[in-house]
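Undergrad: Coordinates in start22.cif, mmCIF, C-alpha atoms and all ligand atoms, are listed below.
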```cif
data_start
#
loop_
_atom_site.label_atom_id
_atom_site.label_comp_id
_atom_site.auth_asym_id
_atom_site.auth_seq_id
_atom_site.Cartn_x
_atom_site.Cartn_y
_atom_site.Cartn_z
CA MET U 1 -17.32 5.10 19.17
CA ALA U 2 -18.50 1.95 17.45
CA ILE U 3 -16.19 -1.03 17.17
CA TYR U 4 -17.24 -3.04 14.14
CA ASP U 5 -16.11 -6.48 15.29
CA GLN U 6 -15.84 -6.24 19.06
CA ARG U 7 -15.16 -9.95 19.41
CA HIS U 8 -12.04 -9.96 17.24
CA GLU U 9 -10.79 -6.41 17.65
CA CYS U 10 -10.88 -6.56 21.44
CA MET U 11 -9.77 -10.14 21.89
CA ASN U 12 -7.84 -11.21 24.93
CA ARG U 13 -4.20 -11.53 23.74
CA GLU U 14 -3.89 -15.14 24.87
CA GLU U 15 -6.97 -16.06 22.92
CA LEU U 16 -5.70 -14.14 19.89
CA LEU U 17 -2.35 -15.99 19.94
CA GLN U 18 -4.20 -19.31 20.10
CA LEU U 19 -6.40 -18.31 17.16
CA GLN U 20 -3.33 -17.21 15.22
CA LEU U 21 -1.62 -20.54 15.81
CA GLU U 22 -4.63 -22.54 14.67
CA ARG U 23 -5.04 -20.42 11.57
CA LEU U 24 -1.32 -20.57 10.83
CA GLN U 25 -1.35 -24.35 10.98
CA ALA U 26 -4.31 -24.46 8.59
CA THR U 27 -2.61 -21.99 6.25
CA VAL U 28 0.67 -23.91 6.11
CA ASN U 29 -1.26 -27.11 5.47
CA ARG U 30 -3.18 -25.47 2.66
CA CYS U 31 0.01 -24.11 1.11
CA TYR U 32 1.74 -27.48 1.33
CA LYS U 33 -1.16 -29.43 -0.08
CA ASN U 34 -2.30 -27.09 -2.84
CA VAL U 35 0.61 -24.91 -3.97
CA PRO U 36 3.53 -26.77 -5.61
CA PHE U 37 5.74 -23.69 -5.08
CA TYR U 38 5.34 -23.94 -1.30
CA ARG U 39 5.51 -27.73 -1.23
CA ARG U 40 8.90 -27.56 -2.97
CA ARG U 41 10.15 -24.86 -0.61
CA LEU U 42 9.03 -26.67 2.53
CA ASP U 43 10.36 -30.01 1.28
CA ASP U 44 13.72 -28.39 0.51
CA LEU U 45 13.89 -27.13 4.09
CA GLY U 46 12.71 -30.46 5.48
CA ILE U 47 9.67 -28.83 7.09
CA GLU U 48 6.54 -30.86 7.62
CA PRO U 49 3.36 -28.85 8.18
CA GLU U 50 2.43 -31.07 11.15
CA GLY U 51 5.67 -30.08 12.86
CA LEU U 52 4.43 -26.52 13.35
CA GLN U 53 3.52 -26.44 17.05
CA SER U 54 3.99 -22.83 18.14
CA LEU U 55 3.98 -19.35 16.66
CA ASP U 56 7.75 -19.26 17.09
CA ASP U 57 8.02 -22.10 14.57
CA LEU U 58 6.95 -19.54 11.99
CA ARG U 59 10.55 -18.38 11.87
CA ALA U 60 11.65 -21.64 10.23
CA LEU U 61 9.29 -21.07 7.31
CA PRO U 62 10.64 -19.64 4.05
CA PHE U 63 10.04 -16.03 2.99
CA THR U 64 7.92 -15.12 -0.01
CA THR U 65 9.06 -12.15 -2.09
CA LYS U 66 7.61 -9.87 -4.72
CA GLU U 67 9.81 -11.70 -7.24
CA ASP U 68 8.19 -15.01 -6.25
CA LEU U 69 4.79 -13.47 -6.92
CA ARG U 70 5.88 -12.09 -10.26
CA ALA U 71 7.42 -15.40 -11.31
CA SER U 72 4.17 -17.20 -10.52
CA TYR U 73 2.04 -14.91 -12.71
CA PRO U 74 -0.83 -15.44 -13.19
CA TYR U 75 -2.03 -18.65 -11.54
CA ASP U 76 0.87 -20.52 -9.98
CA LEU U 77 0.27 -19.48 -6.37
CA VAL U 78 -3.50 -19.93 -6.46
CA ALA U 79 -4.36 -22.56 -3.86
CA VAL U 80 -7.92 -23.41 -4.96
CA PRO U 81 -9.48 -24.60 -8.24
CA LEU U 82 -10.35 -21.66 -10.49
CA ARG U 83 -14.06 -22.37 -10.14
CA GLU U 84 -13.76 -21.29 -6.50
CA VAL U 85 -12.14 -17.97 -7.37
CA VAL U 86 -14.68 -15.15 -7.59
CA ARG U 87 -12.37 -12.15 -8.11
CA PHE U 88 -8.89 -11.15 -9.19
CA HIS U 89 -7.02 -7.93 -8.61
CA LEU U 90 -3.58 -6.95 -9.89
CA SER U 91 -0.94 -4.83 -8.26
CA SER U 92 -0.17 -1.47 -9.79
CA GLY U 93 3.31 -2.60 -10.75
CA THR U 94 4.63 -0.75 -13.76
CA THR U 95 7.07 -2.87 -15.69
CA GLY U 96 7.59 -6.62 -15.50
CA ALA U 97 4.85 -9.05 -14.61
CA PRO U 98 2.24 -7.63 -12.23
CA THR U 99 1.36 -9.52 -9.09
CA VAL U 100 -1.99 -11.22 -8.90
CA ILE U 101 -4.35 -11.54 -5.97
CA ALA U 102 -7.24 -14.00 -6.09
CA TYR U 103 -10.24 -14.20 -3.78
CA THR U 104 -12.74 -16.91 -2.96
CA ALA U 105 -16.20 -15.93 -1.72
CA ASN U 106 -14.93 -16.34 1.85
CA ASP U 107 -11.87 -14.19 1.12
CA LEU U 108 -14.14 -11.41 -0.18
CA GLN U 109 -16.29 -11.67 2.93
CA HIS U 110 -13.29 -11.38 5.26
CA TRP U 111 -11.85 -8.54 3.22
CA THR U 112 -15.13 -6.64 3.36
CA ASN U 113 -15.34 -7.05 7.13
CA LEU U 114 -11.75 -5.95 7.68
CA VAL U 115 -12.26 -2.78 5.66
CA ALA U 116 -15.51 -2.17 7.54
CA ARG U 117 -13.46 -2.27 10.77
CA ASN U 118 -11.23 0.53 9.42
CA LEU U 119 -14.24 2.59 8.40
CA ALA U 120 -15.93 2.20 11.78
CA ALA U 121 -12.65 3.04 13.53
CA GLY U 122 -12.50 6.13 11.31
CA GLU U 123 -15.89 7.28 12.60
CA ILE U 124 -17.86 6.36 9.47
CA THR U 125 -21.40 5.12 10.10
CA ARG U 126 -24.51 4.26 8.15
CA GLU U 127 -25.51 7.92 8.37
CA ASP U 128 -22.61 8.90 6.12
CA VAL U 129 -22.59 9.68 2.42
CA VAL U 130 -19.24 8.25 1.41
CA GLN U 131 -17.47 9.52 -1.70
CA ILE U 132 -14.77 7.14 -2.88
CA PHE U 133 -12.13 8.42 -5.27
CA PHE U 134 -9.82 5.43 -5.28
CA GLY U 135 -9.67 3.84 -8.72
CA TYR U 136 -12.09 1.02 -9.45
CA GLY U 137 -10.42 -1.58 -11.60
CA LEU U 138 -7.59 -4.03 -11.31
CA PHE U 139 -6.24 -1.94 -8.40
CA SER U 140 -7.86 -3.27 -5.23
CA GLY U 141 -8.43 0.07 -3.46
CA GLY U 142 -11.76 1.20 -4.90
CA PHE U 143 -13.54 -2.13 -4.64
CA GLY U 144 -12.15 -2.85 -1.17
CA LEU U 145 -13.30 0.40 0.39
CA HIS U 146 -16.58 0.24 -1.50
CA GLN U 147 -17.46 -3.18 -0.08
CA GLY U 148 -16.53 -2.09 3.43
CA ALA U 149 -18.59 1.09 3.20
CA GLU U 150 -21.62 -0.84 2.00
CA ALA U 151 -21.18 -3.33 4.83
CA ILE U 152 -21.29 -0.42 7.29
CA GLY U 153 -24.53 0.63 5.65
CA ALA U 154 -23.25 3.99 4.44
CA SER U 155 -24.54 5.55 1.21
CA VAL U 156 -21.70 5.04 -1.23
CA LEU U 157 -20.78 7.21 -4.21
CA PRO U 158 -18.23 5.26 -6.31
CA VAL U 159 -16.95 8.39 -8.06
CA SER U 160 -13.59 6.73 -8.72
CA GLU U 161 -11.07 8.88 -10.58
CA ALA U 162 -13.53 11.38 -12.06
CA GLU U 163 -12.42 14.86 -13.10
CA LEU U 164 -11.74 17.09 -10.11
CA PRO U 165 -14.56 19.63 -10.74
CA GLN U 166 -16.98 16.72 -10.95
CA GLN U 167 -15.76 15.47 -7.57
CA VAL U 168 -16.55 18.88 -6.09
CA LYS U 169 -19.96 19.07 -7.76
CA ILE U 170 -20.93 15.63 -6.47
CA MET U 171 -19.73 16.65 -3.02
CA GLN U 172 -22.06 19.65 -3.18
CA ASP U 173 -25.07 17.98 -4.77
CA PHE U 174 -25.07 14.81 -2.68
CA ARG U 175 -23.82 16.51 0.51
CA SER U 176 -21.03 13.95 0.90
CA THR U 177 -19.89 13.63 4.50
CA ALA U 178 -16.92 11.28 4.11
CA LEU U 179 -14.08 11.11 1.60
CA ILE U 180 -11.98 8.06 0.85
CA GLY U 181 -8.95 7.95 -1.41
CA MET U 182 -5.36 9.00 -1.75
CA PRO U 183 -4.20 11.94 0.37
CA SER U 184 -2.58 13.69 -2.61
CA TYR U 185 -5.86 13.45 -4.48
CA ALA U 186 -7.73 14.92 -1.51
CA LEU U 187 -5.44 17.93 -1.68
CA SER U 188 -6.03 18.24 -5.41
CA ILE U 189 -9.75 18.35 -4.65
CA ALA U 190 -9.13 21.06 -2.06
CA GLU U 191 -7.16 23.03 -4.64
CA THR U 192 -9.97 22.65 -7.16
CA MET U 193 -12.52 23.83 -4.60
CA GLU U 194 -10.51 26.94 -4.04
CA ARG U 195 -10.34 27.61 -7.78
CA MET U 196 -14.11 27.08 -8.04
CA ASP U 197 -14.70 29.42 -5.09
CA VAL U 198 -16.35 26.67 -3.08
CA GLU U 199 -15.98 27.25 0.66
CA PRO U 200 -15.24 24.01 2.52
CA ASN U 201 -17.58 25.05 5.32
CA SER U 202 -20.43 25.32 2.82
CA LEU U 203 -20.11 21.55 2.32
CA SER U 204 -21.19 18.70 4.59
CA LEU U 205 -17.77 17.03 4.82
CA ARG U 206 -16.91 15.60 8.20
CA VAL U 207 -14.28 12.90 7.91
CA GLY U 208 -11.82 11.27 5.50
CA LEU U 209 -9.90 7.99 5.25
CA PHE U 210 -6.73 8.17 3.24
CA GLY U 211 -4.01 5.76 2.20
CA ALA U 212 -2.26 3.90 -0.63
CA GLU U 213 0.66 6.33 -0.62
CA PRO U 214 2.98 7.76 2.03
CA TRP U 215 1.84 10.91 3.80
CA SER U 216 2.96 12.84 6.83
CA GLU U 217 1.42 14.48 9.91
CA GLU U 218 1.98 17.84 8.20
CA ARG U 219 0.00 16.68 5.23
CA ARG U 220 -2.74 15.42 7.52
CA ALA U 221 -2.96 18.84 9.14
CA GLU U 222 -3.13 20.49 5.74
CA ILE U 223 -5.92 18.19 4.54
CA GLU U 224 -7.89 18.72 7.74
CA GLN U 225 -7.56 22.46 7.52
CA ARG U 226 -8.35 22.82 3.84
CA LEU U 227 -11.26 20.37 3.71
CA TYR U 228 -12.70 20.92 7.20
CA ILE U 229 -12.53 17.21 8.03
CA ARG U 230 -10.86 14.84 10.44
CA ALA U 231 -8.42 12.67 8.49
CA TYR U 232 -7.55 9.04 9.25
CA ASP U 233 -4.73 6.88 7.95
CA ILE U 234 -5.44 3.44 6.52
CA TYR U 235 -2.96 0.81 5.35
CA GLY U 236 -3.07 -2.17 3.08
CA LEU U 237 -1.07 -3.87 0.38
CA SER U 238 -2.36 -5.65 -2.65
CA GLU U 239 -0.48 -8.85 -1.79
CA MET U 240 -2.54 -9.11 1.42
CA GLY U 241 -5.72 -8.50 -0.54
CA GLY U 242 -5.64 -4.70 -0.57
CA PRO U 243 -6.94 -2.24 2.04
CA GLY U 244 -8.14 -3.49 5.42
CA VAL U 245 -4.79 -4.58 6.86
CA ALA U 246 -4.61 -1.71 9.38
CA GLY U 247 -6.36 1.54 10.21
CA GLU U 248 -6.35 4.32 12.79
CA CYS U 249 -8.86 4.60 15.62
CA PRO U 250 -9.97 7.97 17.08
CA GLU U 251 -6.89 7.94 19.37
CA ARG U 252 -4.74 8.22 16.25
CA CYS U 253 -1.67 6.73 17.89
CA GLY U 254 -0.86 4.10 15.29
CA LEU U 255 -2.87 1.89 12.95
CA HIS U 256 -4.60 -1.15 14.44
CA LEU U 257 -3.49 -4.28 12.62
CA ALA U 258 -5.97 -7.04 11.78
CA GLU U 259 -3.94 -9.60 13.71
CA ASP U 260 -6.61 -12.27 13.58
CA HIS U 261 -6.17 -12.38 9.77
CA TYR U 262 -2.50 -11.50 9.40
CA LEU U 263 0.51 -12.60 11.38
CA ILE U 264 2.91 -9.67 11.44
CA GLU U 265 6.65 -9.86 12.00
CA VAL U 266 8.99 -6.87 12.20
CA LEU U 267 12.37 -7.95 10.89
CA ASP U 268 15.78 -6.50 10.21
CA PRO U 269 15.64 -6.16 6.41
CA ASP U 270 19.24 -7.32 6.00
CA SER U 271 19.56 -10.19 8.47
CA GLY U 272 15.92 -11.26 8.53
CA ALA U 273 16.10 -11.48 12.34
CA PRO U 274 13.32 -9.97 14.48
CA VAL U 275 14.04 -6.46 15.77
CA PRO U 276 13.40 -5.63 19.45
CA ALA U 277 9.77 -4.72 20.21
CA GLY U 278 8.88 -1.18 19.24
CA GLN U 279 11.84 -0.75 16.88
CA GLU U 280 11.53 -0.12 13.21
CA GLY U 281 11.96 -2.96 10.75
CA GLU U 282 10.49 -4.50 7.63
CA LEU U 283 6.89 -5.65 7.99
CA VAL U 284 6.54 -9.30 7.02
CA PHE U 285 3.04 -10.71 6.63
CA THR U 286 1.64 -14.22 6.77
CA THR U 287 -2.00 -14.57 5.77
CA LEU U 288 -4.11 -16.47 8.30
CA SER U 289 -7.48 -16.79 6.60
CA LYS U 290 -6.83 -16.56 2.87
CA GLU U 291 -8.10 -19.47 0.79
CA ALA U 292 -7.32 -18.47 -2.80
CA LEU U 293 -3.90 -16.94 -2.29
CA PRO U 294 -2.32 -17.74 1.07
CA LEU U 295 1.16 -16.28 1.49
CA LEU U 296 3.82 -17.27 4.02
CA ARG U 297 6.12 -14.60 5.40
CA TYR U 298 5.66 -12.08 2.61
CA ARG U 299 8.41 -9.43 2.61
CA SER U 300 6.42 -6.23 2.18
CA GLY U 301 9.42 -3.92 1.84
CA ASP U 302 7.57 -1.43 4.09
CA LEU U 303 9.52 -0.19 7.12
CA ALA U 304 7.57 0.61 10.28
CA SER U 305 7.43 -0.25 13.99
CA VAL U 306 4.70 -2.14 15.82
CA ASP U 307 3.41 -1.39 19.32
CA PRO U 308 1.56 -4.27 20.99
CA SER U 309 0.50 -2.30 24.09
CA PRO U 310 -3.24 -1.80 24.70
CA CYS U 311 -4.91 1.24 23.17
CA PRO U 312 -7.28 3.52 25.12
CA CYS U 313 -9.93 2.90 22.44
CA GLY U 314 -10.45 -0.64 23.76
CA ARG U 315 -9.06 -2.53 20.79
CA THR U 316 -6.37 -5.01 21.79
CA THR U 317 -4.74 -5.43 18.38
CA ALA U 318 -1.19 -4.13 17.94
CA ARG U 319 -0.69 -0.78 16.24
CA MET U 320 1.80 -0.04 13.49
CA SER U 321 3.45 3.31 12.90
CA ARG U 322 3.23 5.12 9.60
CA ILE U 323 5.45 3.59 6.94
CA SER U 324 8.69 5.54 7.13
CA ARG U 325 10.25 4.26 3.92
CA ARG U 326 10.78 1.20 1.76
CA THR U 327 13.61 -1.31 1.72
CA ASP U 328 13.71 -1.32 -2.07
CA ASP U 329 13.34 2.46 -2.37
CA MET U 330 10.10 2.00 -4.27
CA VAL U 331 8.19 5.25 -4.49
CA ILE U 332 4.45 5.57 -4.88
CA ILE U 333 3.17 8.38 -7.01
CA HIS U 334 -0.40 8.84 -8.24
CA GLY U 335 -1.09 5.33 -6.96
CA MET U 336 1.60 3.76 -9.11
CA ASN U 337 4.49 1.80 -7.62
CA ILE U 338 7.78 2.91 -9.16
CA PHE U 339 10.73 0.61 -8.54
CA PRO U 340 14.27 1.93 -9.05
CA ALA U 341 15.11 -1.40 -10.71
CA ASP U 342 12.55 -0.69 -13.43
CA VAL U 343 13.98 2.77 -14.00
CA ALA U 344 17.49 1.29 -14.19
CA GLN U 345 16.35 -1.11 -16.88
CA VAL U 346 15.09 1.71 -19.09
CA LEU U 347 18.18 3.84 -18.52
CA ALA U 348 20.44 0.94 -19.49
CA ALA U 349 19.31 1.45 -23.09
CA PHE U 350 20.93 4.91 -23.14
CA PRO U 351 24.74 4.69 -23.42
CA GLU U 352 24.98 8.46 -22.86
CA VAL U 353 24.03 8.11 -19.17
CA SER U 354 25.72 6.31 -16.27
CA PRO U 355 23.87 3.71 -14.15
CA HIS U 356 23.58 6.34 -11.40
CA PHE U 357 20.25 8.04 -10.88
CA GLN U 358 17.94 9.21 -8.13
CA LEU U 359 14.15 9.38 -7.86
CA VAL U 360 12.89 12.52 -6.18
CA VAL U 361 9.21 12.88 -5.29
CA GLU U 362 8.00 16.33 -4.36
CA ARG U 363 4.78 18.15 -3.96
CA PRO U 364 5.49 21.75 -4.89
CA GLY U 365 1.86 22.65 -5.64
CA ALA U 366 -1.34 20.70 -5.95
CA LEU U 367 0.17 17.56 -7.36
CA ASP U 368 2.99 15.18 -6.60
CA GLU U 369 5.84 15.35 -9.06
CA LEU U 370 8.43 12.75 -9.91
CA ASN U 371 11.87 14.00 -10.91
CA VAL U 372 14.45 11.51 -12.10
CA ARG U 373 17.98 12.83 -11.67
CA VAL U 374 20.19 11.01 -14.13
CA GLU U 375 23.94 11.23 -14.29
CA LEU U 376 25.57 11.66 -17.70
CA ALA U 377 28.28 9.12 -18.55
CA GLY U 378 30.47 11.82 -20.07
CA LEU U 379 30.10 15.39 -21.22
CA PRO U 380 28.78 15.38 -24.78
CA SER U 381 30.70 17.55 -27.26
CA ASP U 382 27.62 19.42 -28.37
CA ILE U 383 26.02 20.24 -25.07
CA GLY U 384 22.91 22.26 -25.92
CA GLU U 385 20.82 20.59 -28.60
CA LYS U 386 22.03 17.05 -28.00
CA VAL U 387 21.44 17.05 -24.27
CA LEU U 388 17.97 18.45 -24.67
CA ARG U 389 17.10 15.72 -27.12
CA LEU U 390 18.58 13.05 -24.86
CA ARG U 391 16.58 14.38 -21.93
CA ASP U 392 13.36 14.29 -23.93
CA ASP U 393 14.07 10.80 -25.27
CA ILE U 394 14.70 9.39 -21.79
CA ALA U 395 11.62 11.10 -20.40
CA ALA U 396 9.44 9.72 -23.20
CA ARG U 397 10.73 6.18 -22.74
CA LEU U 398 10.31 6.29 -18.97
CA ARG U 399 6.81 7.74 -19.22
CA ALA U 400 5.81 5.00 -21.62
CA GLU U 401 7.33 2.24 -19.47
CA LEU U 402 6.19 3.47 -16.05
CA GLY U 403 2.87 5.02 -16.99
CA VAL U 404 3.42 8.18 -14.96
CA ASP U 405 4.40 11.70 -15.86
CA LEU U 406 7.91 12.66 -14.79
CA ARG U 407 10.75 15.05 -15.45
CA ILE U 408 14.35 14.19 -16.25
CA ILE U 409 17.13 16.24 -14.75
CA LEU U 410 20.49 15.45 -16.32
CA LEU U 411 23.44 15.77 -13.99
CA GLU U 412 27.09 16.26 -14.77
CA PRO U 413 29.25 13.13 -14.84
CA ARG U 414 30.12 11.82 -11.37
CA SER U 415 27.76 14.15 -9.51
CA LEU U 416 26.12 11.10 -7.89
CA SER U 417 28.75 8.39 -8.31
CA GLY U 418 31.54 10.77 -7.31
CA GLN U 419 30.46 10.78 -3.66
CA GLY U 420 31.61 7.23 -3.19
CA GLY U 421 28.30 6.06 -4.63
CA LYS U 422 26.62 6.76 -1.30
CA TYR U 423 23.41 8.56 -2.12
CA PRO U 424 19.79 7.60 -1.54
CA ARG U 425 18.15 5.94 -4.56
CA ALA U 426 14.87 7.63 -3.71
CA VAL U 427 14.04 10.84 -1.90
CA ASP U 428 10.44 11.40 -0.91
CA THR U 429 10.02 14.90 0.45
CA ARG U 430 6.25 14.35 0.94
CA ASN U 431 7.04 12.50 4.16
CA ARG U 432 8.71 15.48 5.72
ZN ZN R 1 -7.12 2.36 19.29
#
```
What does this structure look like when you write it as structure tokens?
Ligand SMILES: [Zn+2]

TA:
Amino acid sequence: MAIYDQRHECMNREELLQLQLERLQATVNRCYKNVPFYRRRLDDLGIEPEGLQSLDDLRALPFTTKEDLRASYPYDLVAVPLREVVRFHLSSGTTGAPTVIAYTANDLQHWTNLVARNLAAGEITREDVVQIFFGYGLFSGGFGLHQGAEAIGASVLPVSEAELPQQVKIMQDFRSTALIGMPSYALSIAETMERMDVEPNSLSLRVGLFGAEPWSEERRAEIEQRLYIRAYDIYGLSEMGGPGVAGECPERCGLHLAEDHYLIEVLDPDSGAPVPAGQEGELVFTTLSKEALPLLRYRSGDLASVDPSPCPCGRTTARMSRISRRTDDMVIIHGMNIFPADVAQVLAAFPEVSPHFQLVVERPGALDELNVRVELAGLPSDIGEKVLRLRDDIAARLRAELGVDLRIILLEPRSLSGQGGKYPRAVDTRNR
């Protein structure tokens, strides 16, 4: 199976660590020189960029958080003059300021090559007709995969988020061999095919790359069975430029991380200390090649483990596990990031409900559904009519604020808070 960038994906570990150190030093220098935010932080900690002599020194550097990114909207973290920026993307954040990612021409080139690595690892070649149903727009997914697929030399159909029957028709007419998008959307396509009486084995589909939302091995099996393809997991995050951060190889025993472009730490989310090798912790990323928007020790909020042992495929880069959950209980539904804090803000405007609520994501049929279980502050005197109206009002406000469809389930007073307040803020049954 083809390895897209043999030189970097199969690097001797020693050589890789040396490359990482050199790139880290350049990145810290760039941050210090060009980004007042980082200069202030490093000055406050008494850190001089020249003092950084080993990869272990990374641990003295300050973290960067989602809040830092939001507070710097739109340009404050950009490390180059605007004339050198050739592209922006925004995160799919719902309320509050979105986070911005900027790219120079070199950043775009690196990004394209990293995504191409994932595609090649996922068995996609120039012979493939690739149908992409990630959104094309401010969200980085569509453009990122598109560039990578073109770099591979595949024939690309940027179908984006077209109507489902149109996806199926294009699949038939163009004899698409590869699908790229969100796993839940792939299942919606499968569902639509069944409704349209289209047999998957009458199509030319062969392989699929899926990501941008959590999915499980069970879901992989379901996608493979219903679409007659082999399904691969890919991982990225908009703060690191989008897709291309990690992807599965044919061994499918973890996702190979692009360690020559990202320095990855696995930390205890509470203490910030490194967890023992192989154990689960929060993934923390430092960019190593980014010019427009370098980030130091970005707290991703994604929990996973990392295995540095060699892979039978020949790649020497470490492999991350699937994301098990998030530190902030953010849930991803239909490509949108929903933060409990944003939900709490909307609920605070309703005196009839308590601050206790729970996000529950399920997939009962073709589509993912978001249920918000909200605890009433007290039992209203007129239960029927009034409660129904309250439920509808909350649902309407949340839909407008978050931009996703959802259902409100009102709970009796103390049904969440009564258990000593110990309940998960988010339950994602799609992972099970
Ligand atoms: Zn491998």

Undergrad: When you draw a straight line from atom CA of U:Arg363 to atom CA of U:Leu203, how long is it in Å?

TA: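 Between these atoms lies a distance of 25.9 Å.
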
Undergrad: Can you pull out every residue within 7 Å of stretch 293-297 of chain U, counting all atoms listed in the file, but drop anything in the same chain fewer than 3 positions away, and send it as JSON, numbers by chain?

TA: {"U": [27, 31, 62, 63, 64, 77, 78, 79, 101, 102, 284, 285, 286, 287, 290]}

Undergrad: Can you tell me which residues sit at most 10 Å away from ligand ZN 1 (chain R), counting only C-alpha atoms and all ligand atoms, written as number ranges by chain?

TA: U: 3, 9-10, 121, 247-256, 310-319

Undergrad: Include C-alpha atoms and write out the residues we just selected as an mmCIF file, in the coordinates of the input.

TA:
```cif
data_model
loop_
_atom_site.group_PDB
_atom_site.id
_atom_site.type_symbol
_atom_site.label_atom_id
_atom_site.label_comp_id
_atom_site.auth_asym_id
_atom_site.auth_seq_id
_atom_site.Cartn_x
_atom_site.Cartn_y
_atom_site.Cartn_z
ATOM 1 C CA ILE U 3 -16.190 -1.030 17.170
ATOM 2 C CA GLU U 9 -10.790 -6.410 17.650
ATOM 3 C CA CYS U 10 -10.880 -6.560 21.440
ATOM 4 C CA ALA U 121 -12.650 3.040 13.530
ATOM 5 C CA GLY U 247 -6.360 1.540 10.210
ATOM 6 C CA GLU U 248 -6.350 4.320 12.790
ATOM 7 C CA CYS U 249 -8.860 4.600 15.620
ATOM 8 C CA PRO U 250 -9.970 7.970 17.080
ATOM 9 C CA GLU U 251 -6.890 7.940 19.370
ATOM 10 C CA ARG U 252 -4.740 8.220 16.250
ATOM 11 C CA CYS U 253 -1.670 6.730 17.890
ATOM 12 C CA GLY U 254 -0.860 4.100 15.290
ATOM 13 C CA LEU U 255 -2.870 1.890 12.950
ATOM 14 C CA HIS U 256 -4.600 -1.150 14.440
ATOM 15 C CA PRO U 310 -3.240 -1.800 24.700
ATOM 16 C CA CYS U 311 -4.910 1.240 23.170
ATOM 17 C CA PRO U 312 -7.280 3.520 25.120
ATOM 18 C CA CYS U 313 -9.930 2.900 22.440
ATOM 19 C CA GLY U 314 -10.450 -0.640 23.760
ATOM 20 C CA ARG U 315 -9.060 -2.530 20.790
ATOM 21 C CA THR U 316 -6.370 -5.010 21.790
ATOM 22 C CA THR U 317 -4.740 -5.430 18.380
ATOM 23 C CA ALA U 318 -1.190 -4.130 17.940
ATOM 24 C CA ARG U 319 -0.690 -0.780 16.240
#
```

Undergrad: Restricting the calculation to all atoms listed in the file: of U:Asp368, U:Trp215, U:Glu352, U:Gly418, which residue gets closest to U:Arg389?

TA: U:Glu352

Undergrad: Let me have the centre and edge lengths in Å, one decimal, of the box along x, y and z around every listed atom of stretch 241-253 of chain U with 4 Å of margin on each side, as lines of an AutoDock Vina configuration file.

TA:
```
center_x = -5.8
center_y = -0.1
center_z = 9.4
size_x = 16.3
size_y = 24.7
size_z = 27.9
```

Undergrad: Closest to U:Thr177 among U:Gln131, U:Ser271, U:Ser300, U:Asn106, using only C-alpha atoms?

TA: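 Residue with the minimum atom-to-atom distance to U:Thr177: U:Gln131.
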
Undergrad: In file coordinates, which residues lie within 6 Å of (3.9, 3.4, -0.5) using only C-alpha atoms, given as a list in words?

TA: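 The residues near that point, listed by chain and number, are Glu213, Pro214 and Ile332 of chain U.
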
Undergrad: Can I get the residues of stretch 63-102 of chain U within 12 Å of stretch 132-137 of chain U, each with the closest pair of atoms and their distance in Å to one decimal, using all atoms listed in the file, sorted chain first then ascending number, as CSV?

TA:
```
residue,atom,partner,partner_atom,distance
U:Arg87,CA,U:Gly137,CA,11.3
U:Phe88,CA,U:Gly137,CA,10.0
U:His89,CA,U:Gly137,CA,7.8
U:Leu90,CA,U:Gly137,CA,8.9
U:Ser91,CA,U:Gly137,CA,10.6
U:Ser92,CA,U:Gly137,CA,10.4
```

Undergrad: Output C-alpha atoms for every residue in the selection just made, as a tab-separated table (two decimals), keeping the file's coordinate frame.

TA:
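Result file follows (result10.tsv):
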```tsv
chain	number	residue	atom	x	y	z
U	87	ARG	CA	-12.37	-12.15	-8.11
U	88	PHE	CA	-8.89	-11.15	-9.19
U	89	HIS	CA	-7.02	-7.93	-8.61
U	90	LEU	CA	-3.58	-6.95	-9.89
U	91	SER	CA	-0.94	-4.83	-8.26
U	92	SER	CA	-0.17	-1.47	-9.79
```

Undergrad: Restricting the calculation to all atoms listed in the file, which member of U:Leu164, U:Val266, U:Ser176, U:Val115 is positioned closest to U:Pro243?

TA: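 Once distances to U:Pro243 are computed over all atoms listed in the file, the minimum belongs to U:Val115.
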